[in-house]
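J.: Input: one structure, supplied below.
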Amino acid sequence: MRRYVFPVLMGVVGVAILMNLGFWQLRRMEEKRVYLDEIAARIGNAPIPLPQVPQEGPHKFQAVTAEGAFTGEFLEVLAGQRGASPGVLVIEAFALPDGRRIMVQRGFIEEEARKVPRPPRAAKVEGNLHWPQDTNSFTPPPDPKTGLWFGRDVPAMAAALRTEPTLIVASAPTGDGIVPVPVDISGIPNDHWGYAITWFLLAATWAGMTGFLLWRIRGRKI
């Protein structure tokens, strides 16, 4: 019987670990579902006036409104939209009546519309506060020739436009033919069910291999 002890022990421990990882993924799936429901609620809530000091923790995705004026200072982030030609996201400085300057992601325009003049003008903006994380260590810096950015980086964009690091993603048109690209939860995956299935299948495979090993041990001649 001693020859069975170690294989059985390894089999039990291995299956237990893999099953525990599968159940952990199920818990993460439920936590992610609750998180996505909270985000959807924030996005869909009635908008509130722009907070005096927006913070990512309590205010991310919060629906807000702001009145002020577009300044004509803007950045363009390389982007694409389904069913449209290549284009850019327009992110423009927005001056508030109290002297604050924030950023507004006005939306998407196609390449040929980039040269259309967009003079400064007063506006009321409705949208959602956002702190996107589009960039990483592999994202190239803005192209000095074209002025194009390759990802949204709120602190860097704020420094370039001389605004506070606050970004409103417009959910309603702001004029000039710019098509709003509202925030939503479609880009936030909840893949934990697939991960859980993978761990459970590995647990079943481990159990099967353990059974096969025990069968081989049993068939050995003493």
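A note on labels: chains of the structure tokens are A, B, ... as shown, every chain counts residues from 1, and ligands are counted from 1 in their shown order.
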List the spatial neighbours of range 115-117 of chain A as a VMD selection string - criterion: any atom at most 12 Å away, only C-alpha atoms, same-chain residues fewer than 6 positions off excluded.
T.: chain A and resid 72 to 74 76 87 to 88 109 175 to 178
J.: Write out as a ChimeraX atom specification the residues lying within 12 Å of range 168-171 of chain A, counting only C-alpha atoms and excluding same-chain residues fewer than 5 positions away.
T.: /A:43-44,47,49-51,54,56,59-67,89-94,101-108,123-132,152,154,178-184
J.: For Thr146 in chain A, which residue among A:Pro58, A:Asn20, A:Ala196, A:Val77 is the nearest when counting only C-alpha atoms?
T.: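 Selected residue with least distance to Thr146 in chain A: A:Val77.
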J.: Hey, which of A:Thr71, A:Arg28, A:Gln55, A:Phe138 ends up closest to Thr166 in chain A? Count only C-alpha atoms.
T.: A:Gln55
J.: What is the CA of Pro119 in chain A-CA of Phe70 in chain A distance in Å, reported with one decimal?
T.: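 Here the two named atoms are 8.2 Å from each other.
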